[in-house]
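What's in structure.txt: compact mmCIF, C-alpha atoms
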```txt
# COMPACT_ATOMS: atom_id res chain seq x y z
CA MET A 1 -9.03 15.22 -25.21
CA SER A 2 -11.50 13.23 -23.22
CA LYS A 3 -14.82 14.58 -22.17
CA LYS A 4 -14.94 16.66 -19.03
CA MET A 5 -16.56 15.33 -15.92
CA HIS A 6 -18.80 17.05 -13.44
CA ILE A 7 -17.03 16.71 -10.09
CA LYS A 8 -18.25 17.67 -6.62
CA LEU A 9 -15.96 17.94 -3.64
CA ASN A 10 -16.32 19.26 -0.14
CA VAL A 11 -13.04 20.94 0.75
CA ASN A 12 -12.57 22.24 4.28
CA GLY A 13 -16.34 22.34 4.76
CA LYS A 14 -17.07 24.18 1.51
CA ASP A 15 -18.86 22.56 -1.44
CA GLU A 16 -17.05 22.88 -4.75
CA GLU A 17 -18.39 21.91 -8.19
CA PHE A 18 -16.53 22.08 -11.45
CA LEU A 19 -15.89 20.41 -14.80
CA ALA A 20 -12.52 18.74 -15.22
CA GLU A 21 -10.79 16.24 -17.44
CA PRO A 22 -10.48 12.83 -15.78
CA ARG A 23 -6.69 13.07 -15.90
CA GLU A 24 -6.63 16.09 -13.59
CA LEU A 25 -4.73 15.11 -10.44
CA LEU A 26 -6.27 16.19 -7.17
CA ILE A 27 -3.23 18.26 -6.14
CA TYR A 28 -3.72 20.43 -9.26
CA THR A 29 -7.43 20.75 -8.57
CA LEU A 30 -6.68 22.00 -5.09
CA ARG A 31 -3.81 24.31 -5.95
CA GLU A 32 -4.68 25.70 -9.35
CA ARG A 33 -8.44 25.38 -9.62
CA LEU A 34 -9.50 26.06 -6.04
CA ASN A 35 -6.49 28.19 -5.07
CA ILE A 36 -5.89 26.05 -1.99
CA THR A 37 -2.10 26.19 -2.05
CA GLY A 38 -1.29 24.70 1.37
CA PRO A 39 -0.75 21.18 -0.02
CA HIS A 40 2.55 21.38 -1.86
CA ILE A 41 4.06 19.54 -4.81
CA GLY A 42 7.38 18.08 -3.75
CA CYS A 43 8.43 14.94 -5.59
CA GLU A 44 5.16 14.41 -7.48
CA THR A 45 5.86 10.68 -7.38
CA SER A 46 4.05 9.71 -4.13
CA HIS A 47 7.22 9.56 -2.04
CA CYS A 48 7.58 12.87 -0.22
CA GLY A 49 4.14 13.47 1.29
CA ALA A 50 4.17 17.27 0.81
CA CYS A 51 0.81 16.97 -0.98
CA THR A 52 -0.85 15.00 1.86
CA VAL A 53 -4.51 15.80 2.49
CA THR A 54 -7.23 13.96 4.41
CA ILE A 55 -9.86 12.37 2.18
CA ASN A 56 -12.86 10.71 3.86
CA GLY A 57 -10.74 10.15 6.96
CA LYS A 58 -7.64 8.79 5.22
CA SER A 59 -4.27 10.47 4.74
CA VAL A 60 -3.70 10.52 1.00
CA LYS A 61 -0.99 11.84 -1.29
CA SER A 62 -3.05 14.04 -3.56
CA CYS A 63 -0.50 13.80 -6.40
CA THR A 64 -1.48 10.15 -6.76
CA MET A 65 -5.24 10.51 -6.99
CA PHE A 66 -7.39 11.88 -9.79
CA ALA A 67 -9.96 14.49 -8.84
CA ALA A 68 -12.49 12.15 -10.48
CA GLN A 69 -11.68 9.46 -7.90
CA ALA A 70 -12.42 11.94 -5.13
CA ASP A 71 -15.81 12.90 -6.60
CA GLY A 72 -18.22 13.12 -3.67
CA ALA A 73 -15.45 13.11 -1.05
CA GLU A 74 -14.82 15.26 1.99
CA ILE A 75 -11.32 16.70 1.92
CA THR A 76 -9.36 18.51 4.61
CA THR A 77 -6.19 20.41 3.78
CA ILE A 78 -3.90 22.40 6.06
CA GLU A 79 -6.22 25.38 5.42
CA GLY A 80 -8.95 23.48 7.29
CA ILE A 81 -6.78 22.83 10.33
CA GLY A 82 -6.69 25.86 12.64
CA THR A 83 -6.63 29.52 11.61
CA PRO A 84 -3.90 32.17 11.96
CA ASP A 85 -5.68 33.48 15.06
CA ALA A 86 -6.46 30.09 16.54
CA LEU A 87 -3.73 27.67 15.60
CA HIS A 88 -4.32 23.93 15.92
CA PRO A 89 -2.21 22.47 18.78
CA LEU A 90 -0.02 20.79 16.14
CA GLN A 91 0.60 24.10 14.40
CA GLU A 92 1.35 25.76 17.73
CA ALA A 93 3.74 22.93 18.65
CA PHE A 94 5.58 23.00 15.31
CA LYS A 95 6.07 26.74 15.83
CA GLU A 96 7.15 26.35 19.45
CA HIS A 97 9.51 23.39 18.97
CA HIS A 98 11.06 24.47 15.69
CA GLY A 99 9.37 21.62 13.83
CA LEU A 100 10.14 23.32 10.54
CA GLN A 101 12.93 25.15 8.87
CA CYS A 102 12.10 26.01 5.25
CA GLY A 103 8.47 25.00 5.82
CA TYR A 104 7.91 23.27 2.51
CA CYS A 105 6.99 19.88 3.98
CA THR A 106 5.07 21.36 6.93
CA PRO A 107 1.50 21.39 5.56
CA GLY A 108 1.81 17.73 4.64
CA MET A 109 3.48 16.90 7.95
CA ILE A 110 0.80 18.58 10.05
CA THR A 111 -2.08 17.23 7.96
CA ARG A 112 -0.70 13.70 8.31
CA ALA A 113 -0.03 14.23 12.02
CA THR A 114 -3.66 15.23 12.69
CA LYS A 115 -4.74 11.82 11.42
CA LEU A 116 -1.94 10.01 13.26
CA LEU A 117 -3.00 11.56 16.59
CA GLU A 118 -6.65 10.83 15.86
CA GLU A 119 -5.79 7.12 15.44
CA ASN A 120 -3.23 7.04 18.23
CA PRO A 121 -3.61 9.96 20.68
CA ASN A 122 -0.62 8.93 22.75
CA PRO A 123 2.07 7.67 20.39
CA THR A 124 5.60 6.67 21.36
CA GLU A 125 8.51 8.24 19.52
CA GLU A 126 8.84 5.07 17.46
CA GLU A 127 5.14 5.11 16.58
CA ILE A 128 5.43 8.74 15.48
CA ARG A 129 8.41 7.97 13.27
CA PHE A 130 6.60 4.97 11.77
CA GLY A 131 3.33 6.87 11.35
CA MET A 132 5.08 9.82 9.70
CA ALA A 133 7.19 7.66 7.41
CA GLY A 134 5.32 8.83 4.31
CA ASN A 135 6.47 12.43 4.82
CA ILE A 136 9.98 13.58 3.98
CA CYS A 137 11.69 16.68 5.40
CA ARG A 138 14.98 17.80 3.92
CA CYS A 139 15.87 20.44 6.55
CA THR A 140 15.40 19.55 10.18
CA GLY A 141 16.30 15.88 10.29
CA TYR A 142 12.98 14.94 11.94
CA GLN A 143 14.12 15.36 15.56
CA ASN A 144 12.09 18.50 16.10
CA ILE A 145 9.17 17.26 14.05
CA VAL A 146 8.88 14.28 16.38
CA LYS A 147 9.20 16.57 19.43
CA SER A 148 6.49 18.85 18.03
CA ILE A 149 4.08 15.98 17.54
CA GLN A 150 4.81 14.65 21.03
CA ALA A 151 4.20 18.11 22.49
CA ALA A 152 0.96 18.52 20.55
CA ALA A 153 -0.24 15.09 21.70
CA ALA A 154 0.44 16.03 25.34
CA GLU A 155 -1.34 19.35 24.89
CA MET A 156 -4.36 17.79 23.19
CA ASN A 157 -4.62 15.04 25.81
CA ALA A 158 -4.39 17.59 28.64
CA ALA A 159 -7.10 19.70 27.02
CA LYS A 160 -9.30 16.64 26.63
CA GLU A 161 -8.84 15.67 30.27
CA ALA A 162 -9.57 19.21 31.42
CA ALA A 163 -12.80 19.14 29.41
CA GLU A 164 -13.94 15.88 30.99
CA MET B 1 3.49 15.17 -14.57
CA ILE B 2 0.18 14.81 -16.33
CA PRO B 3 -1.01 11.48 -17.72
CA ALA B 4 -2.29 11.18 -21.27
CA ALA B 5 -6.02 11.79 -21.62
CA PHE B 6 -8.40 8.95 -20.83
CA GLU B 7 -12.06 8.21 -20.25
CA TYR B 8 -12.96 7.50 -16.62
CA TYR B 9 -15.61 5.01 -15.49
CA ARG B 10 -16.87 4.22 -12.01
CA PRO B 11 -19.30 1.31 -12.43
CA LYS B 12 -21.37 0.01 -9.51
CA ASP B 13 -21.20 -3.69 -10.31
CA LEU B 14 -19.00 -6.31 -11.94
CA ALA B 15 -21.33 -6.62 -14.93
CA GLY B 16 -20.62 -2.97 -15.64
CA VAL B 17 -16.88 -3.52 -15.31
CA LEU B 18 -16.91 -6.54 -17.62
CA SER B 19 -18.94 -4.80 -20.31
CA ILE B 20 -16.44 -1.90 -20.45
CA LEU B 21 -13.53 -4.38 -20.59
CA GLU B 22 -15.23 -6.29 -23.39
CA GLU B 23 -15.99 -3.16 -25.36
CA HIS B 24 -12.48 -1.68 -25.18
CA GLY B 25 -10.25 -4.75 -24.85
CA ASP B 26 -6.59 -3.87 -24.37
CA ASP B 27 -7.42 -0.16 -24.20
CA ALA B 28 -9.23 -0.58 -20.87
CA ARG B 29 -7.76 -1.30 -17.45
CA VAL B 30 -9.22 -1.61 -13.99
CA MET B 31 -7.79 0.40 -11.12
CA ALA B 32 -8.04 -0.43 -7.41
CA GLY B 33 -6.06 1.97 -5.17
CA GLY B 34 -4.15 3.31 -8.14
CA HIS B 35 -0.82 3.61 -6.34
CA SER B 36 1.00 1.43 -8.86
CA LEU B 37 -1.00 2.40 -11.95
CA ILE B 38 -1.28 6.19 -11.53
CA PRO B 39 2.49 6.73 -11.17
CA MET B 40 3.00 4.66 -14.34
CA MET B 41 0.32 6.72 -16.13
CA LYS B 42 2.00 9.95 -14.98
CA LEU B 43 5.33 8.74 -16.33
CA ARG B 44 3.44 7.72 -19.50
CA MET B 45 4.83 4.23 -19.13
CA ALA B 46 1.25 2.95 -18.94
CA GLU B 47 -1.28 4.10 -21.50
CA VAL B 48 -4.85 3.56 -20.41
CA PRO B 49 -7.39 5.15 -22.75
CA HIS B 50 -10.27 3.72 -20.65
CA LEU B 51 -9.76 3.67 -16.90
CA ILE B 52 -12.23 1.70 -14.77
CA ASP B 53 -12.19 2.75 -11.11
CA LEU B 54 -13.33 -0.19 -8.95
CA GLN B 55 -14.02 1.78 -5.75
CA ASP B 56 -17.83 1.63 -6.01
CA VAL B 57 -18.13 -1.94 -7.29
CA ASP B 58 -20.31 -4.13 -5.09
CA GLY B 59 -18.82 -7.23 -3.53
CA LEU B 60 -15.13 -6.34 -3.74
CA HIS B 61 -14.81 -5.07 -0.17
CA GLY B 62 -14.65 -6.75 3.19
CA ILE B 63 -12.72 -9.29 5.22
CA ASP B 64 -14.55 -12.51 6.16
CA ILE B 65 -13.25 -15.30 8.35
CA SER B 66 -15.29 -18.49 8.73
CA ASN B 67 -14.80 -22.26 8.85
CA GLY B 68 -11.03 -21.98 8.75
CA GLN B 69 -11.12 -19.88 5.58
CA ILE B 70 -10.24 -16.22 5.11
CA ARG B 71 -11.70 -14.16 2.30
CA LEU B 72 -10.25 -10.78 1.41
CA GLY B 73 -12.19 -8.74 -1.13
CA ALA B 74 -9.91 -7.37 -3.83
CA MET B 75 -10.47 -3.79 -2.65
CA VAL B 76 -9.40 -4.48 0.96
CA THR B 77 -6.59 -2.02 1.67
CA GLN B 78 -3.31 -2.69 3.42
CA ALA B 79 -4.53 -0.38 6.20
CA GLU B 80 -7.67 -2.50 6.63
CA ILE B 81 -5.55 -5.65 6.83
CA ILE B 82 -3.41 -4.03 9.54
CA ASP B 83 -6.38 -2.72 11.54
CA HIS B 84 -8.46 -5.93 11.47
CA GLU B 85 -8.02 -7.56 14.89
CA GLY B 86 -9.81 -10.78 13.91
CA LEU B 87 -7.52 -11.23 10.94
CA ALA B 88 -4.40 -10.48 12.98
CA ALA B 89 -5.51 -13.12 15.49
CA VAL B 90 -5.79 -15.93 12.92
CA ALA B 91 -3.23 -14.86 10.29
CA PRO B 92 -0.73 -12.50 11.93
CA ILE B 93 1.70 -12.86 9.02
CA LEU B 94 -0.64 -10.67 6.93
CA ARG B 95 -0.38 -7.75 9.34
CA GLU B 96 3.37 -8.25 9.74
CA ALA B 97 3.84 -8.07 5.96
CA ALA B 98 1.37 -5.23 5.33
CA LEU B 99 3.17 -3.06 7.89
CA GLN B 100 6.30 -3.38 5.77
CA ILE B 101 4.64 -2.18 2.57
CA ALA B 102 5.21 1.43 1.47
CA ASP B 103 4.13 4.11 3.98
CA PRO B 104 0.93 5.05 5.85
CA GLN B 105 -0.57 7.18 3.08
CA VAL B 106 0.04 4.50 0.46
CA ARG B 107 -1.35 1.78 2.77
CA TYR B 108 -4.67 3.64 3.07
CA MET B 109 -5.07 3.37 -0.71
CA GLY B 110 -3.11 0.29 -1.76
CA THR B 111 -5.20 -2.89 -1.99
CA ILE B 112 -4.58 -6.61 -1.72
CA GLY B 113 -6.17 -7.12 -5.14
CA GLY B 114 -4.00 -4.54 -6.86
CA ASN B 115 -0.89 -5.80 -5.12
CA VAL B 116 -1.39 -9.41 -6.20
CA ALA B 117 -2.85 -8.77 -9.67
CA ASN B 118 -0.28 -6.21 -10.83
CA GLY B 119 2.43 -8.83 -11.24
CA ASP B 120 5.22 -6.48 -10.13
CA PRO B 121 8.02 -8.69 -8.74
CA GLY B 122 8.61 -6.00 -6.10
CA ASN B 123 5.15 -6.35 -4.56
CA ASP B 124 5.14 -8.16 -1.21
CA MET B 125 1.71 -9.83 -1.25
CA PRO B 126 2.31 -12.26 -4.15
CA GLY B 127 5.11 -14.09 -2.33
CA LEU B 128 3.18 -14.00 0.92
CA MET B 129 0.10 -15.41 -0.80
CA GLN B 130 2.20 -18.25 -2.24
CA CYS B 131 3.52 -18.97 1.24
CA VAL B 132 0.02 -19.23 2.75
CA ASN B 133 -1.27 -21.11 -0.30
CA ALA B 134 -3.92 -18.55 -1.22
CA THR B 135 -6.31 -18.79 -4.15
CA PHE B 136 -7.12 -15.87 -6.45
CA HIS B 137 -10.69 -15.53 -7.74
CA LEU B 138 -11.26 -14.11 -11.20
CA ILE B 139 -14.37 -13.18 -13.13
CA GLY B 140 -14.54 -12.70 -16.87
CA PRO B 141 -16.90 -13.00 -19.82
CA GLU B 142 -16.76 -16.80 -19.49
CA GLY B 143 -17.71 -16.70 -15.81
CA GLU B 144 -15.76 -17.24 -12.63
CA ARG B 145 -12.64 -19.29 -12.07
CA SER B 146 -9.96 -19.54 -9.43
CA VAL B 147 -6.20 -19.89 -9.72
CA PRO B 148 -3.79 -20.88 -6.93
CA ALA B 149 -1.32 -18.10 -6.07
CA ARG B 150 1.45 -20.63 -6.67
CA ALA B 151 0.35 -20.99 -10.33
CA PHE B 152 -0.60 -17.37 -11.02
CA TYR B 153 2.69 -15.67 -11.88
CA GLU B 154 4.29 -16.23 -15.29
CA ALA B 155 6.80 -13.37 -15.65
CA ALA B 156 7.12 -9.74 -14.58
CA TYR B 157 3.66 -8.17 -15.01
CA MET B 158 2.46 -11.37 -16.73
CA THR B 159 -0.05 -13.45 -14.83
CA ALA B 160 -2.68 -16.10 -15.43
CA ARG B 161 -5.33 -13.35 -15.45
CA GLU B 162 -6.67 -12.66 -18.95
CA ASP B 163 -7.03 -9.04 -20.09
CA GLU B 164 -10.81 -9.16 -19.88
CA GLU B 165 -10.81 -10.72 -16.40
CA VAL B 166 -10.96 -8.99 -13.01
CA LEU B 167 -9.51 -10.33 -9.78
CA THR B 168 -12.36 -10.13 -7.26
CA ALA B 169 -11.07 -11.81 -4.10
CA VAL B 170 -8.28 -13.68 -2.41
CA THR B 171 -9.05 -16.67 -0.18
CA LEU B 172 -6.71 -18.64 2.02
CA PRO B 173 -6.89 -21.31 4.68
CA VAL B 174 -6.16 -20.03 8.20
CA PRO B 175 -2.39 -20.58 8.38
CA ASP B 176 -0.92 -23.06 10.87
CA GLY B 177 2.04 -22.63 13.19
CA GLY B 178 4.70 -19.95 13.54
CA TYR B 179 5.14 -17.19 11.01
CA ALA B 180 7.50 -14.46 9.90
CA TYR B 181 7.67 -11.92 7.11
CA GLU B 182 11.21 -10.55 6.90
CA LYS B 183 12.06 -7.79 4.45
CA GLN B 184 15.32 -6.04 3.74
CA LYS B 185 14.85 -2.65 2.10
CA ARG B 186 17.01 0.41 1.58
CA LYS B 187 14.55 2.77 3.23
CA ILE B 188 10.93 2.89 4.38
CA GLY B 189 8.64 2.72 1.38
CA ASP B 190 11.12 0.86 -0.76
CA TYR B 191 10.55 -2.45 -2.45
CA ALA B 192 12.47 -5.37 -1.02
CA THR B 193 16.09 -6.05 -1.77
CA ALA B 194 15.02 -9.46 -0.52
CA ALA B 195 12.01 -10.63 1.47
CA ALA B 196 10.94 -13.99 2.86
CA ALA B 197 7.53 -15.28 3.97
CA VAL B 198 7.69 -18.32 6.22
CA GLN B 199 5.10 -20.48 8.02
CA ILE B 200 6.32 -23.44 10.10
CA VAL B 201 4.42 -26.06 12.09
CA LYS B 202 6.31 -27.55 15.04
CA GLU B 203 5.26 -30.80 16.76
CA ASP B 204 7.31 -32.35 19.58
CA GLY B 205 10.27 -30.21 18.60
CA VAL B 206 10.18 -31.39 14.99
CA CYS B 207 9.17 -29.46 11.86
CA LYS B 208 5.91 -31.00 10.61
CA ALA B 209 5.19 -28.51 7.83
CA ALA B 210 7.00 -25.59 6.28
CA SER B 211 6.12 -23.06 3.64
CA ILE B 212 8.68 -20.63 2.20
CA ALA B 213 8.30 -17.96 -0.48
CA MET B 214 10.68 -15.20 -1.56
CA THR B 215 9.99 -11.71 -2.96
CA ASN B 216 11.82 -9.60 -5.56
CA LEU B 217 14.49 -12.18 -6.24
CA SER B 218 13.19 -13.30 -9.63
CA ASP B 219 10.76 -11.92 -12.18
CA THR B 220 8.04 -13.72 -10.23
CA PRO B 221 7.65 -14.58 -6.55
CA VAL B 222 9.43 -17.84 -5.74
CA PHE B 223 7.76 -20.60 -3.73
CA SER B 224 10.66 -22.85 -2.83
CA GLU B 225 9.48 -26.44 -2.39
CA ASP B 226 13.04 -27.66 -1.95
CA ALA B 227 13.65 -25.20 0.88
CA CYS B 228 10.46 -26.42 2.61
CA ALA B 229 11.55 -30.05 2.14
CA ALA B 230 14.95 -29.30 3.71
CA LEU B 231 13.22 -28.35 6.98
CA LEU B 232 10.66 -31.16 7.16
CA GLY B 233 11.29 -33.73 9.87
CA THR B 234 14.25 -31.82 11.30
CA ALA B 235 14.59 -30.05 14.63
CA LEU B 236 15.68 -26.96 12.66
CA ASP B 237 19.29 -27.38 13.63
CA ASP B 238 21.87 -25.27 11.86
CA ALA B 239 22.45 -27.89 9.15
CA ALA B 240 18.74 -27.96 8.28
CA VAL B 241 18.51 -24.17 8.06
CA LYS B 242 21.66 -24.08 5.92
CA ALA B 243 20.18 -26.72 3.63
CA ALA B 244 16.98 -24.71 3.30
CA VAL B 245 18.91 -21.55 2.46
CA THR B 246 20.99 -23.42 -0.12
CA ALA B 247 17.86 -24.90 -1.68
CA MET B 248 16.22 -21.46 -1.83
CA LEU B 249 19.33 -19.97 -3.48
CA GLY B 250 18.98 -22.60 -6.19
CA ASP B 251 15.41 -21.47 -6.90
CA ILE B 252 15.86 -17.69 -7.11
CA ASP B 253 17.24 -15.80 -10.07
CA PRO B 254 17.87 -12.18 -9.05
CA SER B 255 19.09 -9.57 -11.49
CA GLU B 256 21.39 -6.64 -10.89
CA ASP B 257 19.72 -3.27 -10.43
CA ASN B 258 20.01 -0.21 -8.18
CA ARG B 259 19.43 -2.46 -5.15
CA GLY B 260 22.72 -4.21 -5.83
CA PRO B 261 24.55 -6.82 -7.85
CA VAL B 262 23.43 -10.46 -8.04
CA ALA B 263 25.95 -11.73 -5.48
CA PHE B 264 24.76 -9.16 -2.92
CA LYS B 265 21.11 -10.02 -3.48
CA LYS B 266 21.82 -13.71 -2.98
CA HIS B 267 23.71 -12.89 0.19
CA VAL B 268 20.82 -10.79 1.51
CA ALA B 269 18.29 -13.45 0.49
CA GLY B 270 20.18 -16.00 2.59
CA VAL B 271 20.37 -13.71 5.62
CA ILE B 272 16.69 -12.77 5.38
CA LEU B 273 15.49 -16.35 4.96
CA ARG B 274 17.56 -17.52 7.93
CA ARG B 275 16.08 -14.76 10.08
CA ALA B 276 12.56 -15.54 8.91
CA ILE B 277 12.95 -19.28 9.58
CA GLU B 278 14.37 -18.67 13.05
CA ARG B 279 11.64 -16.20 13.97
CA ALA B 280 8.84 -18.40 12.60
CA TRP B 281 10.28 -21.38 14.54
CA SER B 282 10.44 -19.33 17.75
CA ARG B 283 6.74 -18.55 17.33
CA ALA B 284 5.72 -22.08 16.29
```

Please go through the file and, once you have read it, give me the structure as structure tokens.
Amino acid sequence: MSKKMHIKLNVNGKDEEFLAEPRELLIYTLRERLNITGPHIGCETSHCGACTVTINGKSVKSCTMFAAQADGAEITTIEGIGTPDALHPLQEAFKEHHGLQCGYCTPGMITRATKLLEENPNPTEEEIRFGMAGNICRCTGYQNIVKSIQAAAAEMNAAKEAAE
Amino acid sequence: MIPAAFEYYRPKDLAGVLSILEEHGDDARVMAGGHSLIPMMKLRMAEVPHLIDLQDVDGLHGIDISNGQIRLGAMVTQAEIIDHEGLAAVAPILREAALQIADPQVRYMGTIGGNVANGDPGNDMPGLMQCVNATFHLIGPEGERSVPARAFYEAAYMTAREDEEVLTAVTLPVPDGGYAYEKQKRKIGDYATAAAAVQIVKEDGVCKAASIAMTNLSDTPVFSEDACAALLGTALDDAAVKAAVTAMLGDIDPSEDNRGPVAFKKHVAGVILRRAIERAWSRA
């Protein structure tokens, strides 16, 4: 066993400090150490995107990063995006437009989509499909996921205009 | 999937990296974005007792364009290549290729240095870098040296880089003429069944220069001099394109795998190269 490392993370605005072996993957840190179980383990081989989180402004598959690599980073998971009483527009839109069926891929989908809309607030359908290509859904066939993201984009843009 | 235990290092400078490599030899490996290495460590197909994370190392980041030369630090990510407007203006083939690598999450982490140094025949950047005649810059205990991309690849995962050396940057001349990176893959995120990188210079309707490299059709990328020669001095009529495709097919050596049998791969390689040549010509 290698020596444990002192790792500091900021997850959803909260500072976390712990000792972990370097081989601990970030998804396990989140789920098993910090009890943040929104990011899911799907394929565990960096294909499916169920474990997607935002790290220092980048969408990352947390099954393919060691917690040690993220030392010092700011991380946002689905738990940091909206609350049950005040859903994020993406969460509201996924609910409204049936953007999920079993729900397993949804945290990764929505976390990725927050970043996609930040980079491109008004994406075309093609841009959404391309920008969401790292996330796999095995239920809905993507149609309603794309619709949900389009609806959320429209809602967020309208809210921004109203505020201006 | 949990990798075997290892010691983790995050040095701040290249001297620190080199001293760890010297101390541990074969037992140490550098990691850039980790999206090739970590999956291999999880599968326990790569054993890395001493893992050196390059993310904090000074001097490995950044895209610089000056005097007709482009310099990409080894830690420049595919996403940075895509987002860099200045780079897209002078070398649009880089953006076109990077957009066809993996998926958005992987492109935020995956780096040019990792992609070219890994030596995986499936990686897209090695062939592209041979097409644009890039140079790879290495540093090791003996100092710095540079190796042309066209002389870097020896076999699958075997390159001119010595174990105790680190690839620090990629430089290339600003490419001339029309360009295309064409890639056939089974699904988004897949490696190529066949891919072609093409740059063509057109003058008075005649091909003045051509550069052609193929990906995942041999255990190394294939820069096809004969295919380039077949286009030179022609008006890229059908006979010239056919001759280039035939020449390329003589240079590749694909093997059967889950992307298809050899005959299929050769067929796809021909289709993809023809498309790439035609598109590059239309942009020349």

Point to revise | Between atom CA of Ala180 of chain B and atom CA of Trp281 of chain B - distance in Å to one decimal | key: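 Here the two named atoms are 8.8 Å from each other.
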
Taking a cut-off of 9 Å and counting only C-alpha atoms, can you build a table that, for each residue of segment 133-226 of chain B near segment 10-18 of chain B, reports the nearest atom pair and how far apart they are in Å (one decimal), sorted by chain then residue number, as CSV?
```
residue,atom,partner,partner_atom,distance
B:Ile139,CA,B:Leu14,CA,8.4
B:Gly140,CA,B:Leu18,CA,6.6
B:Pro141,CA,B:Leu18,CA,6.8
B:Glu164,CA,B:Leu18,CA,7.0
B:Glu165,CA,B:Leu18,CA,7.5
B:Val166,CA,B:Leu18,CA,7.9
B:Thr168,CA,B:Leu14,CA,9.0
```

Review point. So how many Å separate atom CA of Lys95 of chain A and atom CA of Gly141 of chain A, to one decimal?
Key: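 Going from atom CA of Lys95 of chain A over to atom CA of Gly141 of chain A covers 15.9 Å.
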
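Across A:Val53, A:Ile41, A:Cys63, A:Leu116, the tightest approach to Leu25 of chain A is made by A:Cys63 when counting all atoms listed in the file.
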
Practice item. Check every residue of chain A for an atom within 10 Å of chain B, counting all atoms listed in the file, and provide those that qualify as a VMD selection string. Key: chain A and resid 1 to 5 21 to 25 28 44 to 47 49 52 to 54 57 to 66 68 to 69 112 116 130 to 135

Could you name the residues that touch Ala240 of chain B at 8 Å or less, counting all atoms listed in the file, but leaving out those on the same chain fewer than 4 positions away, as a PDB file with C-alpha atoms, in the frame of the given file?
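Resulting contents of part.pdb:
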```pdb
ATOM      1  CA  ALA B 230      14.950 -29.300   3.710  1.00  0.00           C
ATOM      2  CA  LEU B 231      13.220 -28.350   6.980  1.00  0.00           C
ATOM      3  CA  THR B 234      14.250 -31.820  11.300  1.00  0.00           C
ATOM      4  CA  ALA B 235      14.590 -30.050  14.630  1.00  0.00           C
ATOM      5  CA  LEU B 236      15.680 -26.960  12.660  1.00  0.00           C
ATOM      6  CA  ALA B 244      16.980 -24.710   3.300  1.00  0.00           C
TER       7      ALA B 244
END
```

Quick one: 6 Å padding each side, axis-aligned, all listed atoms of segment 8-21 of chain A - centre and edge lengths in Å to one decimal, as lines of an AutoDock Vina configuration file?
```
center_x = -14.8
center_y = 20.2
center_z = -6.3
size_x = 20.1
size_y = 19.9
size_z = 34.2
```

Selection near Glu203 of chain B, 9 Å with all atoms listed in the file, sequence-local residues under 4 positions removed, as a PDB file with C-alpha atoms, in the coordinates of the input:
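What follows is the written file part-v7.pdb:
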```pdb
ATOM      1  CA  CYS B 207       9.170 -29.460  11.860  1.00  0.00           C
ATOM      2  CA  LYS B 208       5.910 -31.000  10.610  1.00  0.00           C
ATOM      3  CA  ALA B 284       5.720 -22.080  16.290  1.00  0.00           C
TER       4      ALA B 284
END
```

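Comparing A:Leu19, A:Thr29, A:His40, A:Lys115 by their smallest distance to Asn56 of chain A, the closest is A:Lys115 (using all atoms listed in the file).
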